[in-house]
Amino acid sequence: MSEISAKHIREITGGKTETAIVLGSGLNFYGEQIDSAKVIPYQEIPDFPVSTAPGHKGQLISANISGKPVLLMQGRFHLYEGYDVTVITDVIRSLKLAGIKRLLLTNASGGINENFRPAELMLITDHINLTGRNPLIGANDESIGLRFPDMSKAYSPKLRETMLQAAENCRVKLHQGVYIGVTGPSFETPAEIRMMRTMGADAVGMSTVLEAIAAVHGGMEVCGLSFISNLAAGILDQPITCEEVMEEAEKVKPVVAKLLEEFISLL
Ligand code: HPA
């Protein structure tokens, strides 16, 4: 599957695009405001899955940002949609085979760290995979990567530096912390959030960790950016809703756009 999709993706990027950005919940808007060279709905890519998550459009955009070619994935695939973990692995491998070397994974997350406020941003320094899955289970294809890939620098120190520099240049407040990935779709209980805080997590979300593992396995450089859409369960005496996630995203739109452009210009 990966090869067939990759061939199609190469046709729109010309194989020269080395950076891809996966736009998470609430950050899909970023695709809208780009002067897009080419847009392809996932349905038109052979063997590519279709995204069903709210706010996830389901298209690839081949664009020029800050003078550099970038591939935007507007809509990702989550376990809670019912997808098998292999779908997530295949999508990442398609990008890799299409020539992508650098992957910026963005997402919306619940802030566990009590210093975080909604509509703030966090650079992912590391992750905890609490999904109970691993995208590399099964026969290993040695031509892609090692059987037991090292994850000690999963989130590229170089790209982290670049993102911190970009935030400083455009005066954007950027926290740093550990992202913990769960399957969802139910939000966490307050007891689970207390457990996650004890484990060392700063933000929780339903994506990113499996993509990061597949990308590291394939030798890609990974960077992760979380937008804190809400405080995690039990911190405030109020329910967490999907509407809240989308509303908070509205507020960060200009900040995220500025930060991403600066980041790309520094690559
Ligand atoms: N928990 C899990 N995933 C999320 C949250 C949350 O609080 N907010 C946005 N995605």
# chains A, B, ... in the order shown; residues from 1 in each chain; ligands from 1
>>> select_by_dssp(residues="region 2-234 of chain A", states="helix (DSSP H, G or I)", output="PyMOL selection string")
chain A and resi 2-13+29-32+42-44+79-81+85-97+157-169+190-199+209-217
>>> residues_near_ligand(ligand="ligand 1", cutoff="7 Å", atoms="only C-alpha atoms and all ligand atoms", output="count of residues only")
17
>>> select_by_dssp(residues="region 94-158 of chain A", states="strand (DSSP E or B)", output="list in words")
Arg102, Leu103, Leu104, Leu105, Thr106, Asn107, Ala108, Ser109, Gly110, Gly111, Glu120, Leu121, Met122, Leu123, Ile124, Thr125, Asp126, His127, Ile128, Asn129 and Tyr155 of chain A
>>> write_last_selection(atoms="N, CA, C and O atoms", output="CSV table (one decimal), in the first residue's frame")
chain,number,residue,atom,x,y,z
A,102,ARG,N,11.4,15.1,7.0
A,102,ARG,CA,11.1,15.8,8.3
A,102,ARG,C,9.6,15.9,8.5
A,102,ARG,O,8.9,16.3,7.6
A,103,LEU,N,9.2,15.5,9.7
A,103,LEU,CA,7.8,15.4,9.9
A,103,LEU,C,7.4,16.2,11.2
A,103,LEU,O,7.9,16.0,12.3
A,104,LEU,N,6.5,17.2,11.0
A,104,LEU,CA,6.1,18.0,12.1
A,104,LEU,C,4.7,17.5,12.5
A,104,LEU,O,3.7,17.6,11.7
A,105,LEU,N,4.5,16.9,13.6
A,105,LEU,CA,3.2,16.4,14.1
A,105,LEU,C,2.6,17.4,15.0
A,105,LEU,O,3.2,17.8,16.0
A,106,THR,N,1.4,17.9,14.6
A,106,THR,CA,0.7,18.9,15.5
A,106,THR,C,-0.6,18.2,16.0
A,106,THR,O,-1.1,17.3,15.4
A,107,ASN,N,-1.0,18.7,17.2
A,107,ASN,CA,-2.2,18.1,17.8
A,107,ASN,C,-2.9,19.0,18.8
A,107,ASN,O,-2.2,20.0,19.2
A,108,ALA,N,-4.1,18.7,19.1
A,108,ALA,CA,-4.7,19.4,20.2
A,108,ALA,C,-4.6,18.4,21.4
A,108,ALA,O,-4.7,17.2,21.3
A,109,SER,N,-4.4,19.0,22.6
A,109,SER,CA,-4.2,18.1,23.8
A,109,SER,C,-4.8,18.8,25.0
A,109,SER,O,-5.0,20.0,25.1
A,110,GLY,N,-5.0,18.0,26.0
A,110,GLY,CA,-5.5,18.5,27.3
A,110,GLY,C,-4.2,18.7,28.2
A,110,GLY,O,-3.3,17.9,28.3
A,111,GLY,N,-4.2,19.9,28.8
A,111,GLY,CA,-3.1,20.3,29.7
A,111,GLY,C,-3.1,19.6,31.0
A,111,GLY,O,-4.1,19.8,31.8
A,120,GLU,N,-2.6,27.8,24.8
A,120,GLU,CA,-1.1,27.9,24.8
A,120,GLU,C,-0.5,26.7,24.0
A,120,GLU,O,-1.3,25.8,23.6
A,121,LEU,N,0.7,26.8,23.7
A,121,LEU,CA,1.4,25.8,22.9
A,121,LEU,C,2.5,25.1,23.6
A,121,LEU,O,3.1,25.7,24.5
A,122,MET,N,2.7,23.8,23.3
A,122,MET,CA,3.8,23.0,24.0
A,122,MET,C,4.6,22.3,22.9
A,122,MET,O,4.0,21.6,22.0
A,123,LEU,N,5.9,22.5,23.0
A,123,LEU,CA,6.8,21.7,22.1
A,123,LEU,C,7.0,20.3,22.8
A,123,LEU,O,7.3,20.3,24.0
A,124,ILE,N,6.8,19.3,22.0
A,124,ILE,CA,6.9,17.9,22.6
A,124,ILE,C,8.4,17.6,22.7
A,124,ILE,O,9.1,17.6,21.7
A,125,THR,N,8.8,17.3,24.0
A,125,THR,CA,10.2,16.9,24.2
A,125,THR,C,10.3,15.4,24.1
A,125,THR,O,11.4,14.8,23.8
A,126,ASP,N,9.2,14.7,24.5
A,126,ASP,CA,9.3,13.2,24.5
A,126,ASP,C,7.8,12.7,24.7
A,126,ASP,O,6.9,13.6,24.9
A,127,HIS,N,7.6,11.4,24.5
A,127,HIS,CA,6.2,11.0,24.7
A,127,HIS,C,6.1,9.7,25.5
A,127,HIS,O,7.1,9.0,25.8
A,128,ILE,N,4.9,9.4,26.0
A,128,ILE,CA,4.6,8.2,26.7
A,128,ILE,C,3.5,7.6,25.8
A,128,ILE,O,2.4,8.2,25.6
A,129,ASN,N,3.7,6.3,25.3
A,129,ASN,CA,2.7,5.7,24.5
A,129,ASN,C,1.8,4.8,25.4
A,129,ASN,O,2.2,3.7,25.8
A,155,TYR,N,12.1,12.8,19.4
A,155,TYR,CA,11.8,14.2,18.9
A,155,TYR,C,13.1,14.9,18.7
A,155,TYR,O,13.8,15.3,19.7
>>> closest_residue(among="A:Phe29, A:Thr86, A:Leu130, A:Ile45", to="Met195 (chain A)", atoms="only C-alpha atoms")
A:Leu130
>>> residues_around(residues="Leu95 (chain A)", least_positions_apart="3", cutoff="12 Å", atoms="only C-alpha atoms", output="ChimeraX atom specification")
/A:1-10,13,15-22,48,60,70-73,88-92,98-103,211,214-215,218-220
>>> closest_residue(among="A:Asp237, A:Leu267, A:Pro185, A:Arg93", to="Lys158 (chain A)", atoms="only C-alpha atoms")
A:Leu267
>>> closest_residue(among="A:Ile112, A:Ala212, A:Ala119, A:Ile137", to="Ala154 (chain A)", atoms="only C-alpha atoms")
A:Ala212
>>> atom_distance(atom1="CA of Lys38 (chain A)", atom2="CA of Ser62 (chain A)")
5.1 Å
>>> residues_around(residues="region 263-266 of chain A", least_positions_apart="4", cutoff="7 Å", atoms="only C-alpha atoms", output="PyMOL selection string")
chain A and resi 66+162-163+166+259
>>> write_last_selection(atoms="N, CA, C and O atoms", output="PDB file, in the first residue's frame")
ATOM      1  N   SER A  66       7.008  30.108   3.236  1.00  0.00           N
ATOM      2  CA  SER A  66       8.288  30.801   3.464  1.00  0.00           C
ATOM      3  C   SER A  66       9.320  30.398   2.407  1.00  0.00           C
ATOM      4  O   SER A  66      10.492  30.163   2.714  1.00  0.00           O
ATOM      5  N   THR A 162      15.186  24.402  16.597  1.00  0.00           N
ATOM      6  CA  THR A 162      14.660  25.273  15.538  1.00  0.00           C
ATOM      7  C   THR A 162      13.303  25.833  15.950  1.00  0.00           C
ATOM      8  O   THR A 162      13.020  27.023  15.763  1.00  0.00           O
ATOM      9  N   MET A 163      12.468  24.991  16.528  1.00  0.00           N
ATOM     10  CA  MET A 163      11.122  25.460  16.937  1.00  0.00           C
ATOM     11  C   MET A 163      11.234  26.483  18.074  1.00  0.00           C
ATOM     12  O   MET A 163      10.513  27.488  18.097  1.00  0.00           O
ATOM     13  N   ALA A 166      12.287  29.661  16.554  1.00  0.00           N
ATOM     14  CA  ALA A 166      11.160  30.266  15.825  1.00  0.00           C
ATOM     15  C   ALA A 166      10.227  30.965  16.813  1.00  0.00           C
ATOM     16  O   ALA A 166       9.773  32.090  16.578  1.00  0.00           O
ATOM     17  N   LEU A 259       4.064  31.052  13.851  1.00  0.00           N
ATOM     18  CA  LEU A 259       5.101  30.148  14.351  1.00  0.00           C
ATOM     19  C   LEU A 259       5.515  29.125  13.284  1.00  0.00           C
ATOM     20  O   LEU A 259       6.704  28.875  13.079  1.00  0.00           O
TER      21      LEU A 259
END
>>> residues_around(residues="Val85 (chain A)", least_positions_apart="6", cutoff="8 Å", atoms="only C-alpha atoms", output="mmCIF file with all heavy atoms, in the first residue's frame")
data_model
loop_
_atom_site.group_PDB
_atom_site.id
_atom_site.type_symbol
_atom_site.label_atom_id
_atom_site.label_comp_id
_atom_site.auth_asym_id
_atom_site.auth_seq_id
_atom_site.Cartn_x
_atom_site.Cartn_y
_atom_site.Cartn_z
ATOM 1 N N LEU A 79 -6.840 5.903 16.194
ATOM 2 C CA LEU A 79 -7.339 4.569 16.568
ATOM 3 C C LEU A 79 -8.833 4.633 16.886
ATOM 4 O O LEU A 79 -9.585 3.715 16.577
ATOM 5 C CB LEU A 79 -6.577 4.023 17.780
ATOM 6 C CG LEU A 79 -5.100 3.669 17.545
ATOM 7 C CD1 LEU A 79 -4.451 3.273 18.866
ATOM 8 C CD2 LEU A 79 -4.947 2.536 16.532
ATOM 9 N N ARG A 133 -0.741 -0.044 21.921
ATOM 10 C CA ARG A 133 -0.383 -0.566 20.584
ATOM 11 C C ARG A 133 1.012 -0.076 20.240
ATOM 12 O O ARG A 133 1.481 0.915 20.787
ATOM 13 C CB ARG A 133 -1.311 -0.041 19.475
ATOM 14 C CG ARG A 133 -2.739 0.061 19.801
ATOM 15 C CD ARG A 133 -3.435 -1.288 19.809
ATOM 16 N NE ARG A 133 -4.678 -1.110 20.572
ATOM 17 C CZ ARG A 133 -5.801 -0.653 20.048
ATOM 18 N NH1 ARG A 133 -5.869 -0.382 18.767
ATOM 19 N NH2 ARG A 133 -6.864 -0.480 20.802
ATOM 20 N N ASN A 134 1.582 -0.769 19.284
ATOM 21 C CA ASN A 134 2.833 -0.288 18.715
ATOM 22 C C ASN A 134 2.770 -0.557 17.215
ATOM 23 O O ASN A 134 2.445 -1.675 16.808
ATOM 24 C CB ASN A 134 4.038 -0.997 19.348
ATOM 25 C CG ASN A 134 5.344 -0.316 18.962
ATOM 26 O OD1 ASN A 134 5.707 -0.292 17.789
ATOM 27 N ND2 ASN A 134 6.029 0.265 19.921
ATOM 28 N N PRO A 135 3.034 0.468 16.411
ATOM 29 C CA PRO A 135 2.878 0.297 14.958
ATOM 30 C C PRO A 135 3.910 -0.635 14.336
ATOM 31 O O PRO A 135 3.795 -0.980 13.167
ATOM 32 C CB PRO A 135 3.040 1.717 14.421
ATOM 33 C CG PRO A 135 3.819 2.440 15.453
ATOM 34 C CD PRO A 135 3.457 1.824 16.769
ATOM 35 N N LEU A 210 1.937 7.137 17.824
ATOM 36 C CA LEU A 210 2.140 6.021 16.887
ATOM 37 C C LEU A 210 2.798 6.525 15.605
ATOM 38 O O LEU A 210 3.673 5.869 15.030
ATOM 39 C CB LEU A 210 0.803 5.326 16.585
ATOM 40 C CG LEU A 210 0.068 4.800 17.830
ATOM 41 C CD1 LEU A 210 -1.291 4.236 17.448
ATOM 42 C CD2 LEU A 210 0.889 3.745 18.563
#
>>> residues_around(residues="Phe148 (chain A)", least_positions_apart="3", cutoff="10 Å", atoms="only C-alpha atoms", output="PyMOL selection string")
chain A and resi 136+140+145+151+217
>>> atom_distance(atom1="CA of Phe77 (chain A)", atom2="CA of Lys57 (chain A)")
11.1 Å
>>> decode(residues="region 144-253 of chain A", atoms="C-alpha atoms", output="JSON list (two decimals), in the first residue's frame")
[["chain", "number", "residue", "atom", "x", "y", "z"],
["A", 144, "ILE", "CA", 12.69, 0.50, 6.29],
["A", 145, "GLY", "CA", 14.30, 0.33, 9.72],
["A", 146, "LEU", "CA", 15.63, -1.67, 12.63],
["A", 147, "ARG", "CA", 13.69, -4.34, 14.50],
["A", 148, "PHE", "CA", 14.29, -2.50, 17.80],
["A", 149, "PRO", "CA", 14.59, 1.20, 16.98],
["A", 150, "ASP", "CA", 16.09, 3.54, 19.56],
["A", 151, "MET", "CA", 13.58, 6.09, 20.87],
["A", 152, "SER", "CA", 15.88, 8.03, 23.20],
["A", 153, "LYS", "CA", 15.85, 11.08, 20.90],
["A", 154, "ALA", "CA", 12.54, 10.47, 19.14],
["A", 155, "TYR", "CA", 11.76, 14.20, 18.94],
["A", 156, "SER", "CA", 14.76, 15.55, 17.07],
["A", 157, "PRO", "CA", 16.89, 17.83, 19.30],
["A", 158, "LYS", "CA", 17.81, 19.82, 16.19],
["A", 159, "LEU", "CA", 14.20, 20.45, 15.20],
["A", 160, "ARG", "CA", 13.31, 21.25, 18.80],
["A", 161, "GLU", "CA", 16.03, 23.91, 18.80],
["A", 162, "THR", "CA", 14.66, 25.27, 15.54],
["A", 163, "MET", "CA", 11.12, 25.46, 16.94],
["A", 164, "LEU", "CA", 12.35, 27.20, 20.11],
["A", 165, "GLN", "CA", 14.25, 29.69, 17.98],
["A", 166, "ALA", "CA", 11.16, 30.27, 15.83],
["A", 167, "ALA", "CA", 9.06, 30.90, 18.96],
["A", 168, "GLU", "CA", 11.64, 33.35, 20.27],
["A", 169, "ASN", "CA", 11.86, 35.17, 16.93],
["A", 170, "CYS", "CA", 8.12, 35.69, 16.78],
["A", 171, "ARG", "CA", 7.63, 36.13, 20.53],
["A", 172, "VAL", "CA", 5.30, 33.20, 20.94],
["A", 173, "LYS", "CA", 5.07, 31.58, 24.36],
["A", 174, "LEU", "CA", 6.06, 27.94, 23.95],
["A", 175, "HIS", "CA", 6.01, 25.44, 26.82],
["A", 176, "GLN", "CA", 8.03, 22.23, 26.59],
["A", 177, "GLY", "CA", 6.85, 18.90, 27.88],
["A", 178, "VAL", "CA", 5.95, 15.25, 27.60],
["A", 179, "TYR", "CA", 2.92, 14.21, 25.55],
["A", 180, "ILE", "CA", 1.04, 11.10, 26.59],
["A", 181, "GLY", "CA", -0.92, 9.35, 23.85],
["A", 182, "VAL", "CA", -4.15, 7.44, 24.52],
["A", 183, "THR", "CA", -6.69, 5.84, 22.20],
["A", 184, "GLY", "CA", -9.77, 7.86, 23.26],
["A", 185, "PRO", "CA", -12.46, 8.51, 22.26],
["A", 186, "SER", "CA", -13.68, 9.03, 25.82],
["A", 187, "PHE", "CA", -11.79, 11.80, 27.58],
["A", 188, "GLU", "CA", -9.88, 10.74, 30.67],
["A", 189, "THR", "CA", -11.19, 10.47, 34.21],
["A", 190, "PRO", "CA", -9.68, 12.73, 36.89],
["A", 191, "ALA", "CA", -8.03, 9.62, 38.43],
["A", 192, "GLU", "CA", -6.38, 8.79, 35.08],
["A", 193, "ILE", "CA", -5.10, 12.34, 34.80],
["A", 194, "ARG", "CA", -3.59, 12.15, 38.30],
["A", 195, "MET", "CA", -1.89, 8.89, 37.26],
["A", 196, "MET", "CA", -0.55, 10.49, 34.07],
["A", 197, "ARG", "CA", 0.82, 13.48, 35.99],
["A", 198, "THR", "CA", 2.63, 11.07, 38.34],
["A", 199, "MET", "CA", 4.03, 9.30, 35.27],
["A", 200, "GLY", "CA", 5.59, 12.54, 34.10],
["A", 201, "ALA", "CA", 3.15, 13.65, 31.41],
["A", 202, "ASP", "CA", 2.40, 17.32, 30.72],
["A", 203, "ALA", "CA", -0.31, 17.00, 28.06],
["A", 204, "VAL", "CA", -2.63, 14.22, 26.86],
["A", 205, "GLY", "CA", -4.07, 13.53, 23.44],
["A", 206, "MET", "CA", -5.39, 10.87, 21.08],
["A", 207, "SER", "CA", -2.76, 10.96, 18.34],
["A", 208, "THR", "CA", 0.90, 11.55, 17.51],
["A", 209, "VAL", "CA", 2.71, 8.79, 19.45],
["A", 210, "LEU", "CA", 2.14, 6.02, 16.89],
["A", 211, "GLU", "CA", 3.02, 8.32, 13.99],
["A", 212, "ALA", "CA", 6.19, 9.36, 15.79],
["A", 213, "ILE", "CA", 7.23, 5.71, 16.33],
["A", 214, "ALA", "CA", 6.62, 4.82, 12.66],
["A", 215, "ALA", "CA", 8.50, 7.92, 11.52],
["A", 216, "VAL", "CA", 11.51, 7.33, 13.79],
["A", 217, "HIS", "CA", 11.64, 3.71, 12.63],
["A", 218, "GLY", "CA", 11.78, 4.94, 9.04],
["A", 219, "GLY", "CA", 14.62, 7.36, 9.82],
["A", 220, "MET", "CA", 12.61, 10.56, 9.62],
["A", 221, "GLU", "CA", 13.32, 13.57, 11.81],
["A", 222, "VAL", "CA", 10.30, 14.25, 14.01],
["A", 223, "CYS", "CA", 9.07, 17.40, 15.71],
["A", 224, "GLY", "CA", 5.87, 17.66, 17.79],
["A", 225, "LEU", "CA", 3.75, 20.69, 18.58],
["A", 226, "SER", "CA", 0.75, 20.49, 20.90],
["A", 227, "PHE", "CA", -1.89, 23.12, 21.22],
["A", 228, "ILE", "CA", -3.45, 23.01, 24.70],
["A", 229, "SER", "CA", -7.15, 23.14, 23.92],
["A", 230, "ASN", "CA", -8.38, 22.53, 27.46],
["A", 231, "LEU", "CA", -7.18, 21.69, 30.93],
["A", 232, "ALA", "CA", -7.26, 17.93, 31.49],
["A", 233, "ALA", "CA", -10.10, 16.22, 33.35],
["A", 234, "GLY", "CA", -10.56, 17.08, 37.01],
["A", 235, "ILE", "CA", -8.49, 20.28, 37.00],
["A", 236, "LEU", "CA", -11.56, 22.48, 36.56],
["A", 237, "ASP", "CA", -15.00, 21.53, 37.78],
["A", 238, "GLN", "CA", -16.44, 21.44, 34.26],
["A", 239, "PRO", "CA", -16.87, 18.89, 31.48],
["A", 240, "ILE", "CA", -14.50, 18.70, 28.49],
["A", 241, "THR", "CA", -16.15, 19.02, 25.10],
["A", 242, "CYS", "CA", -15.09, 18.79, 21.49],
["A", 243, "GLU", "CA", -16.64, 22.27, 20.95],
["A", 244, "GLU", "CA", -14.24, 23.70, 23.52],
["A", 245, "VAL", "CA", -11.31, 22.20, 21.60],
["A", 246, "MET", "CA", -12.46, 23.91, 18.38],
["A", 247, "GLU", "CA", -13.24, 27.23, 20.10],
["A", 248, "GLU", "CA", -9.81, 27.48, 21.68],
["A", 249, "ALA", "CA", -8.24, 26.67, 18.30],
["A", 250, "GLU", "CA", -9.88, 29.81, 16.87],
["A", 251, "LYS", "CA", -7.87, 31.88, 19.35],
["A", 252, "VAL", "CA", -4.49, 30.45, 18.42],
["A", 253, "LYS", "CA", -4.90, 30.61, 14.66]]
